[in-house]
Amino acid sequence: MKGLDFDFLKITFIDVIDILLVALLIYYVYSLIRNTLAVNLILGMFIIILCYFVVSTLNMRLMEAIINKFISVGIISLVVIFQPEIRRFLLHIGKSTYIQKNRAWYNRLFGRNTAIQDNYLRIKPIMDACKSMKKTKTGALLVFLKFYDDQLFANSCEVLDAKISKRLLESIFQKNSPLHDGAVVISENKIKSASCILPLTDNDKLPPHFGLRHRAGIGISENTDAVAIIISEETGEIAYAKQGQVRSNLTLEQLEKLLNKDY
Ligand SMILES: Nc1ncnc2c1ncn2[C@@H]1O[C@H](COP(=O)(O)OP(=O)(O)OP(=O)(O)O)[C@@H](O)[C@H]1O
């Protein structure tokens with residue numbers, strides 16, 4: 001009996017390194033775009049490419065020509081559409097020395113338990129502040145961004161770059177605080193800025209009791225990867241906006257779960 005011939009499959013040491021590097025790159029890109037709108041864009045692209053293969057296999061020449069044209073223009077539009085992601089990707093490579101310094105990468109790869117513990121500690125002051133502001137019916141709007149873009153908030157915010165703490169969050173949203181109007185932006189484990197003016201949603205299907213605070217929280221989640229916590233001044237209810245969708249009247253446990261997932 002003839003043995004299996006693996007002659008065609010010659011894998012060298014360099015091939016193994018090559019495959020590992022590609023796997024690392026895919027993982028890195030995935031972790032950058034996970035839970036972001038870019039995932040939907042990539043899914044859309046994938047569907048178009050799938051359609052292209054179907055129509056070209058079935059020899060549907062007109063459809064094939066249309067999709068072909070669309071794809072060739074699409075390559076240029078991809079650079080425009082993914083400009084923030086490409087920018088982030090390059091920024092992250094540049095920040096690698098910082099990443100090495102705080103050893104977060106090590107925890108990510110080898111210390112799942114430590115990472116869960118870290119996340120709990122990260123979220124705790126935010127949860128404590130929300131609990132207290134819910135109780136005292138202090139109106140608040142907190143926006144969470146994976147990657148902070150200075151340009152996005154340059155003109156409409158008070159830059160803080162401060163450590164997240166329950167008392168700081170509470171004092172910002174105190175009625176008498178000069179910073180209480182507008183949103184607080186939290187990113188990269190810091191309170192980046194306060195008193196931010198956000199774009200309002202023009203969704204006309206929202207409940208009538210949603211005023212400007214809710215509309216601003218939903219608005220920022222529509223066009224960016226941000227998620228927002230909105231605490232109502234009237235009722236103390238907590239709402240959570242993500243990708244233009246809002247969940248209202250959340251319990252603290254539900255909020256903690258959502259934050260754990262998205263922040
Ligand atoms: N574009 C905006 N960006 C950020 N915050 C905003 C914006 N517009 C209004 N706000 C905030 O919303 C507050 C007014 O909230 P409003 O009473 O209209 O909201 P609401 O959604 O009804 O919430 P609440 O239940 O607290 O009344 C303002 O004091 C300001 O802090």
# chains A, B, ... in the order shown; residues from 1 in each chain; ligands from 1

$ residues_near_ligand --ligand "ligand 1" --cutoff "9 Å" --atoms "only C-alpha atoms and all ligand atoms" --output "NGL selection string"
:A and (137-141 or 173 or 179-184 or 195-200 or 208-217 or 219-220 or 230-237)

$ residues_around --residues "Ile67 (chain A)" --least-positions-apart "3" --cutoff "8 Å" --atoms "only C-alpha atoms" --output "list in words"
Ile48, Tyr52, Met63, Glu64, Phe70 and Ile71 of chain A

$ residues_around --residues "region 242-253 of chain A" --least-positions-apart "4" --cutoff "8 Å" --atoms "only C-alpha atoms" --output "ChimeraX atom specification"
/A:37,127,131,218-228,237-238,257

$ write_last_selection --atoms "N, CA and C atoms" --output "compact mmCIF listing (two decimals), in the first residue's frame"
# COMPACT_ATOMS: atom_id res chain seq x y z
N LEU A 37 -18.17 49.40 15.59
CA LEU A 37 -18.98 49.40 14.37
C LEU A 37 -18.22 48.80 13.19
N MET A 127 -19.10 52.21 39.20
CA MET A 127 -20.35 51.61 39.72
C MET A 127 -20.77 52.30 41.01
N LYS A 131 -24.26 54.24 41.55
CA LYS A 131 -25.18 53.83 42.62
C LYS A 131 -25.59 55.05 43.44
N ILE A 218 -27.36 58.83 23.35
CA ILE A 218 -27.68 57.94 22.23
C ILE A 218 -26.93 58.43 20.97
N GLY A 219 -26.90 59.75 20.82
CA GLY A 219 -26.25 60.35 19.64
C GLY A 219 -24.79 59.92 19.50
N ILE A 220 -24.04 60.00 20.59
CA ILE A 220 -22.59 59.66 20.49
C ILE A 220 -22.41 58.17 20.22
N SER A 221 -23.38 57.35 20.68
CA SER A 221 -23.22 55.91 20.46
C SER A 221 -23.60 55.50 19.03
N GLU A 222 -24.28 56.41 18.31
CA GLU A 222 -24.71 56.08 16.95
C GLU A 222 -23.55 56.11 15.96
N ASN A 223 -22.71 57.12 16.11
CA ASN A 223 -21.69 57.33 15.08
C ASN A 223 -20.28 56.94 15.50
N THR A 224 -20.13 56.57 16.77
CA THR A 224 -18.79 56.14 17.22
C THR A 224 -18.94 54.81 17.95
N ASP A 225 -17.80 54.31 18.45
CA ASP A 225 -17.83 53.05 19.19
C ASP A 225 -18.15 53.27 20.66
N ALA A 226 -18.55 54.48 21.01
CA ALA A 226 -18.77 54.79 22.42
C ALA A 226 -20.02 54.12 22.97
N VAL A 227 -19.98 53.83 24.27
CA VAL A 227 -21.22 53.47 24.98
C VAL A 227 -21.43 54.56 26.03
N ALA A 228 -22.70 54.76 26.42
CA ALA A 228 -22.97 55.86 27.35
C ALA A 228 -23.91 55.41 28.47
N GLU A 237 -33.35 56.95 37.17
CA GLU A 237 -33.22 55.73 36.35
C GLU A 237 -31.91 55.73 35.56
N ILE A 238 -31.38 54.52 35.41
CA ILE A 238 -30.13 54.41 34.64
C ILE A 238 -30.46 53.85 33.26
N LYS A 257 -22.82 44.29 34.45
CA LYS A 257 -22.56 43.28 33.41
C LYS A 257 -22.21 43.95 32.08

$ atom_distance --atom1 "CA of Ile172 (chain A)" --atom2 "CA of Tyr148 (chain A)"
19.7 Å
